[in-house]
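One structure is given here, and the rest of the page talks about it.
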Amino acid sequence: MNKTYSKNEIKQLKKQLLSERKNIWSQLTDDERQRAMDYAVGYANFLNEAKTEREAVKFIAETARKADFEPVTKGSGFKKLFWQINGKAAALIHLGKQDILDGIHLIASHIDAPRLDLKQNPLYEELDMAYLKTHYYGGIKKFQWLARPLAIHGVVLTQTGKTIALVLGEHASDPVFTINDLLPHLAGKVQADKKLSEAVPGEKLNVLFGGLPILGPEDMKETVKLNILKMLHDRYGITEEDFISAEIEITPAGPARDVGLDRAFVGGYGQDDRICAYTSMKALLETQKPTHTCVALFMDKEEIGSDGNTGAKSRILELLIHDLLNYMGKKTNPDTLLRIFRNSRAISADVTAGIDPDYQEVHEKRNDALMGYGICLTKYTGSRGKYGANDAHAEYMNWIRRTWNQAGIIWQTGELGRVDEGGGGTVAKYLAYHGMSVVDAGPPLLSMHSPFEIAHKADILMSHKAYEAFYRSPIKG
Ligand code: MN
Ligand code: MN
């Protein structure tokens with residue numbers, strides 16, 4: 001009871017009893033450190049090639065094809081399958097040795113990212129310049145999108161039934177686009193004196209698209225707009241009405257880059273949540289002969305609340321399982337579906353906020369994620385009193401923790417910010433709706449939802465390893 005401990009004994013006790021978060025870098029082997037650097041190269045390529053959900057699905061489909069995955073719609077007898085819906089959400093499936101009725105191991109990420117979408121009637125001319133009107137998608141800080149090079153990514157479906165994929169502003173020889181900002185000299189009343197959130201109205205997020213009039217008589221109107229439409233028609237066969245059946249997204253232009261003299265970070269657009277899409281895709285590709293059926297699901301619409309038929313709030317999961325059962329020659333009935341869901345285990349793979357040294361006041365140091373400290377296991381998200389949260393049960397947290405500890409994964413646990421500060425949601429609650437066990441886990445980011453998000457390379461690799469360990473782990477206790 002009143003024993004006095006020596007310095008050594010106290011050290012021992014600390015080691016035995018305290019839980020300590022550790023920076024990953026010094027704990028990795030030389031090979032792993034090199035792997036983290038190499039892994040980031042492939043990841044950055046993904047960020048560059050997959051700036052929209054459609055481009056991500058294309059990339060995933062192509063990667064899957066090269067790894068001998070077959071479309072679910074094709075024949076039978078294959079173990080590795082690719083599934084997609086509307087070209088905007090997709091899944092990779094690796095059928096396990098065990099019956100699918102025993103449940104699946106699901107990692108669900110999202111491949112949409114905050115951006116600006118073109119309105120359906122976007123093109124107009126003002127003061128001899130052509131502009132495109134936008135409606136922002138997801139949570140952005142509007143001022144971050146001003147006075148910077150922007151690119152155009154999307155599809156246009158024409159009256160004649162053609163689908164035209166557009167990528168403009170990414171190659172060095174391409175023109176880029178931009179949203180103009182007001183010079184500081186005149187910004188006093190309309191911007192500087194206002195609240196940050198009100199200083200840039202959404203209706204002013206108009207993209208500069210052209211400035212040369214079509215050549216002809218002097219007294220004609222809207223000749224810059226006409227010139228642009230003529231160029232679009234000559235190049236792609238597009239007319240103005242075709243914008244109505246288009247999905248055109250404005251993203252930051254240019255590739256992801258290494259950040260820091262030591263190249264510790266990847267900086268780039270859309271890392272929320274393509275960092276989890278990429279790492280879960282790679283983890284699934286590397287999982288050989290799984291016991292349980294492993295699924296990497298890549299969803300759309302998370303950034304606007306998961307509504308829509310490619311979002312997690314739809315019956316996308318039932319559709320996927322239905323197609324899988326069908327593929328295996330089994331009937332889908334409520335009993336089978338419920339049984340599969342109840343037996344399944346899921347990770348909602350999404351990013352969390354890393355503690356920003358300059359804004360530590362919005363974080364709670366003991367329970368928020370640190371950059372470079374590994375994948376972050378987040379028991380609940382939600383905001384101000386866990387509203388809208390999937391709060392994973394302790395048994396499931398324990399299973400994940402033990403799985404990762406056994407596999408030597410370096411992980412941390414965290415929330416998104418201080419209790420009263422705000423918060424955020426993920427797809428976790430929509431997976432939980434089906435009855436499966438689910439928890440959030442993903443790497444921390446800095447500058448989340450900005451045009452240039454920051455991830456730590458050690459966290460990227462550790463997320464991959466954590467997802468792989470999850471896929472490999474048998475369901476027990
Ligand atoms: Mn996200
Ligand atoms: Mn987000």
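Identifiers in the structure tokens: chain A, B, ... in order shown; residue index from 1 per chain; ligand index from 1 in order shown.
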
* Pick out the residues no farther than 10 Å from ligand 1, counting only C-alpha atoms and all ligand atoms, and list them as a ChimeraX atom specification. => /A:109-114,270-276,302-303,348-352,424-427,442,448-449

For the selection just defined, write its residues with N, CA, C and O atoms to a file, as a short mmCIF file (atom, residue, chain, number, x, y, z; two decimals), in the first residue's frame.
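Result written to out-v8.cif:
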data_model
loop_
_atom_site.label_atom_id
_atom_site.label_comp_id
_atom_site.auth_asym_id
_atom_site.auth_seq_id
_atom_site.Cartn_x
_atom_site.Cartn_y
_atom_site.Cartn_z
N SER A 109 -15.21 4.23 -48.42
CA SER A 109 -14.65 5.59 -48.49
C SER A 109 -15.53 6.40 -49.43
O SER A 109 -16.48 5.88 -50.00
N HIS A 110 -15.21 7.68 -49.60
CA HIS A 110 -15.96 8.44 -50.62
C HIS A 110 -15.01 9.11 -51.59
O HIS A 110 -13.88 9.47 -51.24
N ILE A 111 -15.48 9.22 -52.83
CA ILE A 111 -14.61 9.71 -53.90
C ILE A 111 -15.07 11.06 -54.44
O ILE A 111 -14.53 11.54 -55.42
N ASP A 112 -16.07 11.66 -53.81
CA ASP A 112 -16.42 13.04 -54.16
C ASP A 112 -15.64 13.97 -53.24
O ASP A 112 -15.21 13.56 -52.16
N ALA A 113 -15.43 15.18 -53.68
CA ALA A 113 -14.69 16.16 -52.87
C ALA A 113 -15.31 17.54 -53.06
O ALA A 113 -15.96 17.79 -54.09
N PRO A 114 -15.14 18.42 -52.09
CA PRO A 114 -15.69 19.77 -52.23
C PRO A 114 -15.14 20.44 -53.49
O PRO A 114 -13.97 20.26 -53.83
N GLY A 270 -8.44 17.25 -52.97
CA GLY A 270 -9.32 16.08 -52.95
C GLY A 270 -8.83 14.92 -52.09
O GLY A 270 -9.29 13.79 -52.26
N GLN A 271 -7.91 15.19 -51.18
CA GLN A 271 -7.39 14.08 -50.35
C GLN A 271 -8.47 13.57 -49.40
O GLN A 271 -8.44 12.41 -49.00
N ASP A 272 -9.38 14.43 -48.99
CA ASP A 272 -10.62 14.00 -48.33
C ASP A 272 -11.59 13.66 -49.45
O ASP A 272 -12.15 14.56 -50.06
N ASP A 273 -11.77 12.44 -49.83
CA ASP A 273 -11.39 11.28 -49.06
C ASP A 273 -10.67 10.29 -49.95
O ASP A 273 -10.67 9.10 -49.71
N ARG A 274 -10.03 10.85 -51.01
CA ARG A 274 -9.39 9.92 -51.95
C ARG A 274 -8.16 9.27 -51.34
O ARG A 274 -7.66 8.27 -51.84
N ILE A 275 -7.71 9.82 -50.22
CA ILE A 275 -6.60 9.19 -49.50
C ILE A 275 -7.07 7.82 -48.97
O ILE A 275 -6.33 6.84 -48.99
N CYS A 276 -8.32 7.76 -48.52
CA CYS A 276 -8.87 6.48 -48.03
C CYS A 276 -9.29 5.59 -49.19
O CYS A 276 -9.18 4.37 -49.10
N GLU A 302 -20.87 12.07 -50.39
CA GLU A 302 -20.69 12.21 -48.94
C GLU A 302 -20.63 13.67 -48.54
O GLU A 302 -21.15 14.06 -47.50
N GLU A 303 -20.00 14.47 -49.37
CA GLU A 303 -19.79 15.88 -49.01
C GLU A 303 -21.07 16.70 -48.98
O GLU A 303 -21.08 17.83 -48.49
N SER A 348 -15.63 2.78 -41.77
CA SER A 348 -15.94 3.98 -42.54
C SER A 348 -14.62 4.72 -42.68
O SER A 348 -14.12 5.31 -41.72
N ALA A 349 -14.04 4.59 -43.87
CA ALA A 349 -12.67 5.12 -44.08
C ALA A 349 -12.77 6.56 -44.51
O ALA A 349 -13.12 6.85 -45.65
N ASP A 350 -12.51 7.44 -43.59
CA ASP A 350 -12.58 8.86 -43.92
C ASP A 350 -11.54 9.60 -43.10
O ASP A 350 -11.11 9.13 -42.04
N VAL A 351 -11.17 10.76 -43.59
CA VAL A 351 -10.11 11.52 -42.93
C VAL A 351 -10.63 12.19 -41.67
O VAL A 351 -11.83 12.33 -41.47
N THR A 352 -9.70 12.61 -40.84
CA THR A 352 -10.06 13.41 -39.69
C THR A 352 -9.17 14.66 -39.70
O THR A 352 -8.28 14.79 -40.54
N GLY A 424 -18.42 16.94 -37.57
CA GLY A 424 -18.66 16.54 -38.95
C GLY A 424 -19.15 15.12 -39.00
O GLY A 424 -19.07 14.40 -38.00
N GLY A 425 -19.68 14.73 -40.13
CA GLY A 425 -20.21 13.37 -40.27
C GLY A 425 -19.47 12.61 -41.35
O GLY A 425 -18.71 13.17 -42.11
N THR A 426 -19.71 11.32 -41.37
CA THR A 426 -19.13 10.45 -42.40
C THR A 426 -20.22 9.49 -42.84
O THR A 426 -21.38 9.64 -42.44
N VAL A 427 -19.85 8.48 -43.63
CA VAL A 427 -20.86 7.50 -44.05
C VAL A 427 -21.12 6.45 -42.97
O VAL A 427 -21.98 5.59 -43.14
N GLY A 442 -9.26 6.73 -40.40
CA GLY A 442 -8.56 7.31 -41.54
C GLY A 442 -7.46 8.23 -41.07
O GLY A 442 -7.36 8.54 -39.88
N MET A 448 -8.00 20.72 -44.34
CA MET A 448 -9.06 19.89 -44.90
C MET A 448 -10.12 20.74 -45.61
O MET A 448 -10.44 21.82 -45.16
N HIS A 449 -10.61 20.22 -46.72
CA HIS A 449 -11.61 20.88 -47.57
C HIS A 449 -11.07 22.10 -48.31
O HIS A 449 -11.85 22.85 -48.89
#

Skipping near chain neighbours, those fewer than 3 positions away, what residues fall within 12 Å of Arg366 in chain A using only C-alpha atoms, listed as a short mmCIF file (atom, residue, chain, number, x, y, z; two decimals) with N, CA, C and O atoms, in the first residue's frame?
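Generated file (around-v6.cif):
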data_model
loop_
_atom_site.label_atom_id
_atom_site.label_comp_id
_atom_site.auth_asym_id
_atom_site.auth_seq_id
_atom_site.Cartn_x
_atom_site.Cartn_y
_atom_site.Cartn_z
N SER A 19 -0.76 4.62 -21.85
CA SER A 19 -0.89 4.50 -23.29
C SER A 19 -0.26 5.75 -23.90
O SER A 19 -0.56 6.87 -23.50
N GLU A 20 0.65 5.52 -24.81
CA GLU A 20 1.42 6.64 -25.33
C GLU A 20 1.34 6.66 -26.85
O GLU A 20 1.49 5.64 -27.51
N ARG A 21 1.06 7.85 -27.38
CA ARG A 21 1.08 7.99 -28.83
C ARG A 21 2.51 8.26 -29.27
O ARG A 21 3.23 8.97 -28.61
N ILE A 355 -4.26 18.07 -35.75
CA ILE A 355 -4.15 19.30 -34.96
C ILE A 355 -3.23 20.28 -35.69
O ILE A 355 -2.10 19.96 -36.03
N GLN A 360 -4.60 25.59 -32.35
CA GLN A 360 -4.76 24.54 -31.35
C GLN A 360 -5.98 24.79 -30.48
O GLN A 360 -6.49 23.86 -29.85
N HIS A 363 -8.87 22.55 -31.04
CA HIS A 363 -8.63 21.13 -30.81
C HIS A 363 -8.52 20.82 -29.34
O HIS A 363 -8.33 21.70 -28.51
N ALA A 369 -6.28 14.15 -33.44
CA ALA A 369 -5.22 13.41 -34.13
C ALA A 369 -3.99 14.28 -34.39
O ALA A 369 -4.10 15.46 -34.68
N LEU A 370 -2.83 13.65 -34.31
CA LEU A 370 -1.57 14.32 -34.59
C LEU A 370 -1.05 13.87 -35.96
O LEU A 370 -1.13 12.68 -36.30
N GLN A 412 -3.68 5.86 -33.75
CA GLN A 412 -4.02 6.78 -32.66
C GLN A 412 -5.55 6.87 -32.62
O GLN A 412 -6.23 6.36 -33.50
N THR A 413 -6.04 7.50 -31.59
CA THR A 413 -7.48 7.68 -31.55
C THR A 413 -7.76 9.18 -31.47
O THR A 413 -6.95 9.94 -30.95
N GLY A 414 -8.89 9.59 -32.01
CA GLY A 414 -9.16 11.02 -32.00
C GLY A 414 -10.58 11.37 -32.33
O GLY A 414 -11.35 10.54 -32.81
N GLU A 415 -10.91 12.60 -32.04
CA GLU A 415 -12.19 13.18 -32.44
C GLU A 415 -11.90 14.31 -33.41
O GLU A 415 -10.75 14.68 -33.61
N LEU A 416 -12.97 14.90 -33.93
CA LEU A 416 -12.76 16.04 -34.81
C LEU A 416 -13.03 17.33 -34.04
O LEU A 416 -14.15 17.82 -34.00
N GLY A 417 -11.99 17.84 -33.38
CA GLY A 417 -12.12 19.13 -32.71
C GLY A 417 -12.69 19.06 -31.31
O GLY A 417 -13.10 18.01 -30.81
N ARG A 418 -12.69 20.22 -30.64
CA ARG A 418 -13.23 20.33 -29.28
C ARG A 418 -14.73 20.09 -29.28
O ARG A 418 -15.40 20.28 -30.29
#

* To do: Please give the complete set of residues from range 24-179 of chain A that DSSP, run on the backbone, assigns to strand (DSSP E or B), formatted as a PyMOL selection string.
  => chain A and resi 70-71+80-85+89-94+104-110+115-126+129-137+150-157+163-168+177-179

* Spatial neighbours of range 183-194 of chain A, 12 Å, only C-alpha atoms, chain gap at least 5 places, as a PyMOL selection string -> chain A and resi 143+146-147+199-201+204

Would you output that residue set with all heavy atoms, as a PDB file, in the first residue's frame?
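The resulting selection.pdb:
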ATOM      1  N   PHE A 143     -13.468  31.993 -50.135  1.00  0.00           N
ATOM      2  CA  PHE A 143     -12.331  32.841 -50.509  1.00  0.00           C
ATOM      3  C   PHE A 143     -11.120  32.036 -50.988  1.00  0.00           C
ATOM      4  O   PHE A 143     -10.265  32.532 -51.702  1.00  0.00           O
ATOM      5  CB  PHE A 143     -11.940  33.765 -49.335  1.00  0.00           C
ATOM      6  CG  PHE A 143     -11.391  33.032 -48.139  1.00  0.00           C
ATOM      7  CD1 PHE A 143     -10.046  32.712 -48.067  1.00  0.00           C
ATOM      8  CD2 PHE A 143     -12.224  32.665 -47.082  1.00  0.00           C
ATOM      9  CE1 PHE A 143      -9.530  32.045 -46.968  1.00  0.00           C
ATOM     10  CE2 PHE A 143     -11.714  31.985 -45.984  1.00  0.00           C
ATOM     11  CZ  PHE A 143     -10.365  31.669 -45.923  1.00  0.00           C
ATOM     12  N   LEU A 146     -10.577  31.848 -54.942  1.00  0.00           N
ATOM     13  CA  LEU A 146     -10.388  33.053 -55.752  1.00  0.00           C
ATOM     14  C   LEU A 146      -8.938  33.178 -56.216  1.00  0.00           C
ATOM     15  O   LEU A 146      -8.017  32.729 -55.531  1.00  0.00           O
ATOM     16  CB  LEU A 146     -10.756  34.287 -54.934  1.00  0.00           C
ATOM     17  CG  LEU A 146     -12.130  34.279 -54.241  1.00  0.00           C
ATOM     18  CD1 LEU A 146     -12.318  35.547 -53.441  1.00  0.00           C
ATOM     19  CD2 LEU A 146     -13.245  34.095 -55.254  1.00  0.00           C
ATOM     20  N   ALA A 147      -8.775  33.834 -57.377  1.00  0.00           N
ATOM     21  CA  ALA A 147      -7.444  34.224 -57.856  1.00  0.00           C
ATOM     22  C   ALA A 147      -6.443  33.072 -57.821  1.00  0.00           C
ATOM     23  O   ALA A 147      -5.333  33.218 -57.295  1.00  0.00           O
ATOM     24  CB  ALA A 147      -6.939  35.415 -57.031  1.00  0.00           C
ATOM     25  N   ALA A 199     -18.085  37.428 -46.944  1.00  0.00           N
ATOM     26  CA  ALA A 199     -17.305  38.348 -47.792  1.00  0.00           C
ATOM     27  C   ALA A 199     -17.325  37.954 -49.264  1.00  0.00           C
ATOM     28  O   ALA A 199     -17.174  38.796 -50.144  1.00  0.00           O
ATOM     29  CB  ALA A 199     -15.874  38.431 -47.286  1.00  0.00           C
ATOM     30  N   VAL A 200     -17.501  36.671 -49.533  1.00  0.00           N
ATOM     31  CA  VAL A 200     -17.549  36.215 -50.925  1.00  0.00           C
ATOM     32  C   VAL A 200     -18.876  35.495 -51.161  1.00  0.00           C
ATOM     33  O   VAL A 200     -19.020  34.330 -50.823  1.00  0.00           O
ATOM     34  CB  VAL A 200     -16.375  35.257 -51.246  1.00  0.00           C
ATOM     35  CG1 VAL A 200     -16.415  34.860 -52.713  1.00  0.00           C
ATOM     36  CG2 VAL A 200     -15.048  35.899 -50.895  1.00  0.00           C
ATOM     37  N   PRO A 201     -19.867  36.170 -51.722  1.00  0.00           N
ATOM     38  CA  PRO A 201     -21.153  35.519 -51.963  1.00  0.00           C
ATOM     39  C   PRO A 201     -21.021  34.440 -53.039  1.00  0.00           C
ATOM     40  O   PRO A 201     -20.237  34.605 -53.983  1.00  0.00           O
ATOM     41  CB  PRO A 201     -22.050  36.662 -52.466  1.00  0.00           C
ATOM     42  CG  PRO A 201     -21.280  37.920 -52.259  1.00  0.00           C
ATOM     43  CD  PRO A 201     -19.838  37.565 -52.159  1.00  0.00           C
ATOM     44  N   LYS A 204     -20.983  35.212 -56.704  1.00  0.00           N
ATOM     45  CA  LYS A 204     -19.814  35.864 -57.313  1.00  0.00           C
ATOM     46  C   LYS A 204     -18.718  34.862 -57.669  1.00  0.00           C
ATOM     47  O   LYS A 204     -17.647  35.246 -58.127  1.00  0.00           O
ATOM     48  CB  LYS A 204     -19.267  36.951 -56.384  1.00  0.00           C
ATOM     49  CG  LYS A 204     -20.176  38.186 -56.298  1.00  0.00           C
ATOM     50  CD  LYS A 204     -19.479  39.327 -55.596  1.00  0.00           C
ATOM     51  CE  LYS A 204     -20.439  40.411 -55.153  1.00  0.00           C
ATOM     52  NZ  LYS A 204     -20.871  41.294 -56.255  1.00  0.00           N
TER      53      LYS A 204
END

* Which of these residues is nearest to Arg263 in chain A, using only C-alpha atoms: A:Lys457, A:Arg235, A:Arg35, A:Lys51? ->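 Once distances to Arg263 in chain A are computed over only C-alpha atoms, the minimum belongs to A:Lys457.
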
* To do: Pick out the closest residue to Pro122 in chain A from this set: A:Ala455, A:Ile104, A:Leu229, A:Leu461. Count only C-alpha atoms.
  => A:Leu229

* Asked: Do you know which residues are at most 9 Å from Val156 in chain A counting only C-alpha atoms, after dropping those on the same chain fewer than 6 positions away, and could you put them as a list in words?
  ->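 Listing them by chain and then by number gives Lys162, Thr163, Ile164, Ala165, Leu166, Ile238, Asp242, Phe243, Ile244, Ser245, Ala246, Glu247 and Ile248 of chain A.
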
* List every residue of range 51-128 of chain A that DSSP, applied to the backbone of this structure, assigns to helix (DSSP H, G or I), and report them as an NGL selection string. => :A and (53-66 or 100-102)

Would you save the residues from that selection as a short mmCIF file (atom, residue, chain, number, x, y, z; two decimals), in the first residue's frame, using N, CA and C atoms?
data_model
loop_
_atom_site.label_atom_id
_atom_site.label_comp_id
_atom_site.auth_asym_id
_atom_site.auth_seq_id
_atom_site.Cartn_x
_atom_site.Cartn_y
_atom_site.Cartn_z
N GLU A 53 -15.32 12.24 -58.96
CA GLU A 53 -15.79 10.89 -58.63
C GLU A 53 -15.81 10.01 -59.89
N ARG A 54 -16.17 10.60 -61.03
CA ARG A 54 -16.18 9.80 -62.26
C ARG A 54 -14.77 9.36 -62.66
N GLU A 55 -13.83 10.29 -62.54
CA GLU A 55 -12.45 9.93 -62.88
C GLU A 55 -11.91 8.90 -61.89
N ALA A 56 -12.34 8.98 -60.64
CA ALA A 56 -11.90 7.99 -59.65
C ALA A 56 -12.43 6.60 -60.00
N VAL A 57 -13.70 6.54 -60.38
CA VAL A 57 -14.28 5.24 -60.76
C VAL A 57 -13.53 4.66 -61.96
N LYS A 58 -13.22 5.53 -62.92
CA LYS A 58 -12.47 5.09 -64.11
C LYS A 58 -11.10 4.54 -63.71
N PHE A 59 -10.44 5.26 -62.84
CA PHE A 59 -9.11 4.84 -62.37
C PHE A 59 -9.19 3.50 -61.65
N ILE A 60 -10.17 3.37 -60.77
CA ILE A 60 -10.33 2.14 -59.99
C ILE A 60 -10.66 0.97 -60.92
N ALA A 61 -11.54 1.23 -61.91
CA ALA A 61 -11.91 0.18 -62.86
C ALA A 61 -10.69 -0.29 -63.64
N GLU A 62 -9.89 0.65 -64.06
CA GLU A 62 -8.70 0.34 -64.86
C GLU A 62 -7.67 -0.43 -64.02
N THR A 63 -7.47 0.04 -62.79
CA THR A 63 -6.53 -0.65 -61.89
C THR A 63 -7.01 -2.07 -61.62
N ALA A 64 -8.33 -2.21 -61.42
CA ALA A 64 -8.91 -3.53 -61.14
C ALA A 64 -8.74 -4.46 -62.34
N ARG A 65 -8.98 -3.90 -63.52
CA ARG A 65 -8.86 -4.72 -64.74
C ARG A 65 -7.43 -5.27 -64.86
N LYS A 66 -6.47 -4.41 -64.60
CA LYS A 66 -5.06 -4.83 -64.69
C LYS A 66 -4.72 -5.89 -63.63
N ILE A 100 -20.60 -16.06 -47.89
CA ILE A 100 -20.87 -14.63 -47.77
C ILE A 100 -21.92 -14.36 -46.68
N LEU A 101 -22.72 -15.37 -46.36
CA LEU A 101 -23.72 -15.21 -45.29
C LEU A 101 -23.05 -14.99 -43.93
N ASP A 102 -21.77 -15.37 -43.83
CA ASP A 102 -21.03 -15.11 -42.59
C ASP A 102 -20.57 -13.67 -42.48
#
